Amino acid sequence: MKHLSLFASHLQGKFPTEILQFPYLENIILQFNIDLIGHPPETNWSSPLRVLDVSQTRFSKELPDSIGNLKHLKTLNLQGCDFIGSIPSTLGNLTKITFLDISGNMFQGQIPDVFGNLNDLSSMDFSHNNFSGFLPSSTFNLTGLTFMDFSSNFLQGTIPNNVRGLPYLRELHLNANLLNGRVPGWLFILPSLNWLDLNSNKLNGPIDPIQEPNLVQYVDLSKNEIQ
C-alpha cells in the first residue's frame with residue numbers, strides 16, 4: 001500500500017502509530033476527522049512518506065526530532081491539531097518539502113532558524129501558536145515562497161530587510177504579534193505581493209514614501225502606532 005486516504009471519514013479513537021512507519025506508504029491523508037486521536041512515532045521515525053496530512057484531527061504530543069528523517073516529505077499539514085512543545089530543529093532537514101502548515105496548535109518557544117536549505121518550499125504557515133522570540137531570518141532567503149503566515153503569535157523585533165528578496169511572495173501575514181519599528185516602503189513594491197497584513201502589532205513612525213507602482217490589493221496596518 002502506497003496511498004492511504006481517510007479524509008472526513010468520521011473516525012474516532014486512536015490511530016495506530018505504526019501505520020506512520022509502514023515501509024512503502026507514501027501518502028497519508030487523515031484530514032477532517034475531528035475525533036481521531038493519535039501522535040507521531042516518538043523515536044526512530046523513518047519512512048518514504050511524501051504527504052502527511054493530519055489536519056483537523058486531535059493528533060497531539062510533541063514533534064519528534066526524527067521527523068527530520070522523512071527525506072522525501074513534500075507536504076506536512078498539521079493544521080488545527082493539539083501539538084505542543086517546541087518544534088525540532090530537524091525540520092530543516094526536510095529539503096524536498098513544498099508545503100508546511102503547523103498552524104492552530106500549541107507550539108511554543110523560539111522558532112529555530114533552520115530553514116535555509118528548504119529551497120522548494122512555497123507555502124509556510126506557523127500562525128495561531130504560542131511562538132515567541134524573533135522571526136527566523138532564514139525563511140526570508142527562500143526565494144520560491146509564495147505564502148508566508150506567522151500571525152497570531154508573540155513574535156517581536158522589526159520586519160527583516162531580506163523580505164525584499166522574495167520575488168514570488170503573494171501573501172505576507174505577520175499580524176497579531178509584537179513587531180515594532182517602521183513599516184518600510186519597499187514592502188509595497190515587492191513584485192508579486194498582493195496581500196499584506198500587519199495589523200495588531202507595535203509598529204510605529206511614518207511609512208516611507210511609495211514611489212513605484214505595485215500589485216498590492218489588500219493592506220491592513222490597523223491597531224499599530226503608525227503616525
# chains A, B, ... in the order shown; residues from 1 in each chain; ligands from 1
>>> residues_around(residues="region 146-150 of chain A", least_positions_apart="2", cutoff="8 Å", atoms="only C-alpha atoms", output="PyMOL selection string")
chain A and resi 122-128+144+152-153+168-175
>>> residues_around(residues="Asn93 (chain A)", least_positions_apart="3", cutoff="12 Å", atoms="only C-alpha atoms", output="MDAnalysis selection string")
chainID A and resid 65:74 88:90 96:97 114:119
>>> write_last_selection(atoms="C-alpha atoms", output="mmCIF file, in the first residue's frame")
data_model
loop_
_atom_site.group_PDB
_atom_site.id
_atom_site.type_symbol
_atom_site.label_atom_id
_atom_site.label_comp_id
_atom_site.auth_asym_id
_atom_site.auth_seq_id
_atom_site.Cartn_x
_atom_site.Cartn_y
_atom_site.Cartn_z
ATOM 1 C CA ASP A 65 13.456 15.002 16.300
ATOM 2 C CA SER A 66 13.247 12.014 13.984
ATOM 3 C CA ILE A 67 10.728 13.838 11.776
ATOM 4 C CA GLY A 68 13.863 15.094 10.064
ATOM 5 C CA ASN A 69 14.399 11.561 8.752
ATOM 6 C CA LEU A 70 11.449 11.910 6.349
ATOM 7 C CA LYS A 71 13.721 12.934 3.497
ATOM 8 C CA HIS A 72 11.062 12.539 0.784
ATOM 9 C CA LEU A 73 8.353 14.589 2.509
ATOM 10 C CA LYS A 74 6.780 17.245 0.272
ATOM 11 C CA PRO A 88 12.539 20.419 16.402
ATOM 12 C CA SER A 89 15.428 21.939 14.503
ATOM 13 C CA THR A 90 15.422 18.813 12.341
ATOM 14 C CA LYS A 96 12.120 18.403 -0.517
ATOM 15 C CA ILE A 97 9.192 19.981 1.292
ATOM 16 C CA VAL A 114 16.993 26.246 10.297
ATOM 17 C CA PHE A 115 15.028 26.718 7.073
ATOM 18 C CA GLY A 116 17.756 27.995 4.783
ATOM 19 C CA ASN A 117 18.022 24.761 2.775
ATOM 20 C CA LEU A 118 14.301 24.305 2.096
ATOM 21 C CA ASN A 119 14.642 25.709 -1.395
#
>>> residues_around(residues="Ile28 (chain A)", least_positions_apart="4", cutoff="8 Å", atoms="only C-alpha atoms", output="ChimeraX atom specification")
/A:3-5,20,49,51-54
>>> atom_distance(atom1="CA of Asn204 (chain A)", atom2="CA of Phe188 (chain A)")
16.6 Å
>>> closest_residue(among="A:Asp113, A:Trp195, A:Leu78, A:Thr139", to="Tyr218 (chain A)", atoms="only C-alpha atoms")
A:Trp195
>>> closest_atom_pairs(of="region 81-138 of chain A", to="region 56-61 of chain A", cutoff="6 Å", atoms="only C-alpha atoms", output="CSV")
residue,atom,partner,partner_atom,distance
A:Cys81,CA,A:Arg58,CA,5.1
A:Asp82,CA,A:Ser60,CA,4.5
A:Phe83,CA,A:Ser60,CA,4.2
A:Ile84,CA,A:Lys61,CA,5.7
>>> write_last_selection(atoms="N, CA and C atoms", output="PDB file, in the first residue's frame")
ATOM      1  N   CYS A  81      -4.482  20.924  15.047  1.00  0.00           N
ATOM      2  CA  CYS A  81      -4.363  19.749  15.914  1.00  0.00           C
ATOM      3  C   CYS A  81      -4.068  20.201  17.339  1.00  0.00           C
ATOM      4  N   ASP A  82      -3.508  19.318  18.144  1.00  0.00           N
ATOM      5  CA  ASP A  82      -3.229  19.621  19.553  1.00  0.00           C
ATOM      6  C   ASP A  82      -1.751  19.432  19.885  1.00  0.00           C
ATOM      7  N   PHE A  83      -0.880  19.676  18.930  1.00  0.00           N
ATOM      8  CA  PHE A  83       0.548  19.509  19.175  1.00  0.00           C
ATOM      9  C   PHE A  83       1.056  20.564  20.154  1.00  0.00           C
ATOM     10  N   ILE A  84       2.065  20.192  20.929  1.00  0.00           N
ATOM     11  CA  ILE A  84       2.603  21.072  21.964  1.00  0.00           C
ATOM     12  C   ILE A  84       4.130  21.108  21.858  1.00  0.00           C
TER      13      ILE A  84
END
>>> atom_distance(atom1="CA of Asn224 (chain A)", atom2="CA of Gly133 (chain A)")
19.2 Å
>>> select_by_dssp(residues="region 5-226 of chain A", states="strand (DSSP E)", output="PyMOL selection string")
chain A and resi 5+12-14+27-29+35-38+51-53+58-61+75-77+82-85+99-101+106-110+123-125+130-134+147-149+154-157+171-173+178-181+195-197+202-205+218-220+225-226
>>> write_last_selection(atoms="C-alpha atoms", output="PDB file, in the first residue's frame")
ATOM      1  CA  SER A   5      -6.755   8.472   2.429  1.00  0.00           C
ATOM      2  CA  GLN A  12     -12.896   8.048  16.294  1.00  0.00           C
ATOM      3  CA  GLY A  13     -10.487   6.540  18.779  1.00  0.00           C
ATOM      4  CA  LYS A  14      -6.739   6.173  18.410  1.00  0.00           C
ATOM      5  CA  ASN A  27       0.750   9.353   1.263  1.00  0.00           C
ATOM      6  CA  ILE A  28      -1.313   9.523   4.469  1.00  0.00           C
ATOM      7  CA  ILE A  29      -4.350  11.813   4.468  1.00  0.00           C
ATOM      8  CA  ASP A  35     -12.422  12.927  16.924  1.00  0.00           C
ATOM      9  CA  LEU A  36      -9.383  10.965  15.794  1.00  0.00           C
ATOM     10  CA  ILE A  37      -6.598  10.757  18.387  1.00  0.00           C
ATOM     11  CA  GLY A  38      -3.009   9.991  17.512  1.00  0.00           C
ATOM     12  CA  VAL A  51       2.435  13.560   2.031  1.00  0.00           C
ATOM     13  CA  LEU A  52       1.428  13.612   5.697  1.00  0.00           C
ATOM     14  CA  ASP A  53      -1.851  15.406   6.364  1.00  0.00           C
ATOM     15  CA  ARG A  58      -6.739  15.503  17.599  1.00  0.00           C
ATOM     16  CA  PHE A  59      -3.198  14.392  16.906  1.00  0.00           C
ATOM     17  CA  SER A  60      -1.056  15.631  19.770  1.00  0.00           C
ATOM     18  CA  LYS A  61       2.200  15.417  21.739  1.00  0.00           C
ATOM     19  CA  THR A  75       3.621  18.104   2.230  1.00  0.00           C
ATOM     20  CA  LEU A  76       3.365  18.347   6.015  1.00  0.00           C
ATOM     21  CA  ASN A  77      -0.035  19.565   7.205  1.00  0.00           C
ATOM     22  CA  ASP A  82      -3.229  19.621  19.553  1.00  0.00           C
ATOM     23  CA  PHE A  83       0.548  19.509  19.175  1.00  0.00           C
ATOM     24  CA  ILE A  84       2.603  21.072  21.964  1.00  0.00           C
ATOM     25  CA  GLY A  85       6.180  21.971  22.826  1.00  0.00           C
ATOM     26  CA  PHE A  99       4.027  22.869   1.758  1.00  0.00           C
ATOM     27  CA  LEU A 100       4.457  23.274   5.524  1.00  0.00           C
ATOM     28  CA  ASP A 101       1.474  24.111   7.744  1.00  0.00           C
ATOM     29  CA  MET A 106       0.041  24.929  20.899  1.00  0.00           C
ATOM     30  CA  PHE A 107       3.648  25.055  19.780  1.00  0.00           C
ATOM     31  CA  GLN A 108       5.763  27.474  21.771  1.00  0.00           C
ATOM     32  CA  GLY A 109       9.244  28.897  22.207  1.00  0.00           C
ATOM     33  CA  GLN A 110      11.653  30.345  19.689  1.00  0.00           C
ATOM     34  CA  SER A 123       3.935  27.848   1.409  1.00  0.00           C
ATOM     35  CA  MET A 124       4.590  28.031   5.152  1.00  0.00           C
ATOM     36  CA  ASP A 125       2.035  28.699   7.884  1.00  0.00           C
ATOM     37  CA  ASN A 130       2.457  30.499  21.043  1.00  0.00           C
ATOM     38  CA  PHE A 131       5.800  31.162  19.382  1.00  0.00           C
ATOM     39  CA  SER A 132       7.978  33.876  20.921  1.00  0.00           C
ATOM     40  CA  GLY A 133      11.312  35.472  20.100  1.00  0.00           C
ATOM     41  CA  PHE A 134      12.209  36.657  16.621  1.00  0.00           C
ATOM     42  CA  PHE A 147       2.731  32.358   1.010  1.00  0.00           C
ATOM     43  CA  MET A 148       4.048  33.158   4.491  1.00  0.00           C
ATOM     44  CA  ASP A 149       1.983  33.373   7.687  1.00  0.00           C
ATOM     45  CA  PHE A 154       4.163  36.545  20.285  1.00  0.00           C
ATOM     46  CA  LEU A 155       6.959  37.348  17.853  1.00  0.00           C
ATOM     47  CA  GLN A 156       8.984  40.520  18.309  1.00  0.00           C
ATOM     48  CA  GLY A 157      11.597  42.572  16.508  1.00  0.00           C
ATOM     49  CA  GLU A 171       0.750  36.889   0.716  1.00  0.00           C
ATOM     50  CA  LEU A 172       2.535  38.024   3.885  1.00  0.00           C
ATOM     51  CA  HIS A 173       0.693  37.697   7.203  1.00  0.00           C
ATOM     52  CA  LEU A 178       4.652  42.186  18.950  1.00  0.00           C
ATOM     53  CA  LEU A 179       6.601  43.532  15.971  1.00  0.00           C
ATOM     54  CA  ASN A 180       7.952  47.068  16.264  1.00  0.00           C
ATOM     55  CA  GLY A 181       9.834  49.620  14.194  1.00  0.00           C
ATOM     56  CA  TRP A 195      -1.872  40.763   0.337  1.00  0.00           C
ATOM     57  CA  LEU A 196      -0.086  42.397   3.280  1.00  0.00           C
ATOM     58  CA  ASP A 197      -1.441  42.080   6.824  1.00  0.00           C
ATOM     59  CA  LYS A 202       3.552  47.710  17.770  1.00  0.00           C
ATOM     60  CA  LEU A 203       4.753  49.199  14.502  1.00  0.00           C
ATOM     61  CA  ASN A 204       5.421  52.921  14.730  1.00  0.00           C
ATOM     62  CA  GLY A 205       6.692  56.013  12.974  1.00  0.00           C
ATOM     63  CA  TYR A 218      -5.066  44.395   0.370  1.00  0.00           C
ATOM     64  CA  VAL A 219      -3.123  46.179   3.108  1.00  0.00           C
ATOM     65  CA  ASP A 220      -4.034  46.164   6.811  1.00  0.00           C
ATOM     66  CA  GLU A 225       1.206  53.106  16.439  1.00  0.00           C
ATOM     67  CA  ILE A 226       1.844  54.458  12.953  1.00  0.00           C
TER      68      ILE A 226
END
>>> residues_around(residues="Gln79 (chain A)", least_positions_apart="4", cutoff="6 Å", atoms="only C-alpha atoms", output="list in words")
Ser55, Asp101, Ile102, Ser103 and Gly104 of chain A
>>> write_last_selection(atoms="C-alpha atoms", output="PDB file, in the first residue's frame")
ATOM      1  CA  SER A  55      -5.006  18.468   9.837  1.00  0.00           C
ATOM      2  CA  ASP A 101       1.474  24.111   7.744  1.00  0.00           C
ATOM      3  CA  ILE A 102       1.694  23.764  11.530  1.00  0.00           C
ATOM      4  CA  SER A 103      -0.853  26.475  12.318  1.00  0.00           C
ATOM      5  CA  GLY A 104      -3.506  26.289  15.008  1.00  0.00           C
TER       6      GLY A 104
END
>>> atom_distance(atom1="CA of Val216 (chain A)", atom2="CA of Gly165 (chain A)")
16.5 Å
>>> closest_residue(among="A:Ile189, A:Leu135, A:Ile207, A:Leu221", to="Pro167 (chain A)", atoms="only C-alpha atoms")
A:Ile189
>>> closest_residue(among="A:Pro184, A:Val163, A:Leu63, A:Leu30", to="Leu11 (chain A)", atoms="only C-alpha atoms")
A:Leu30
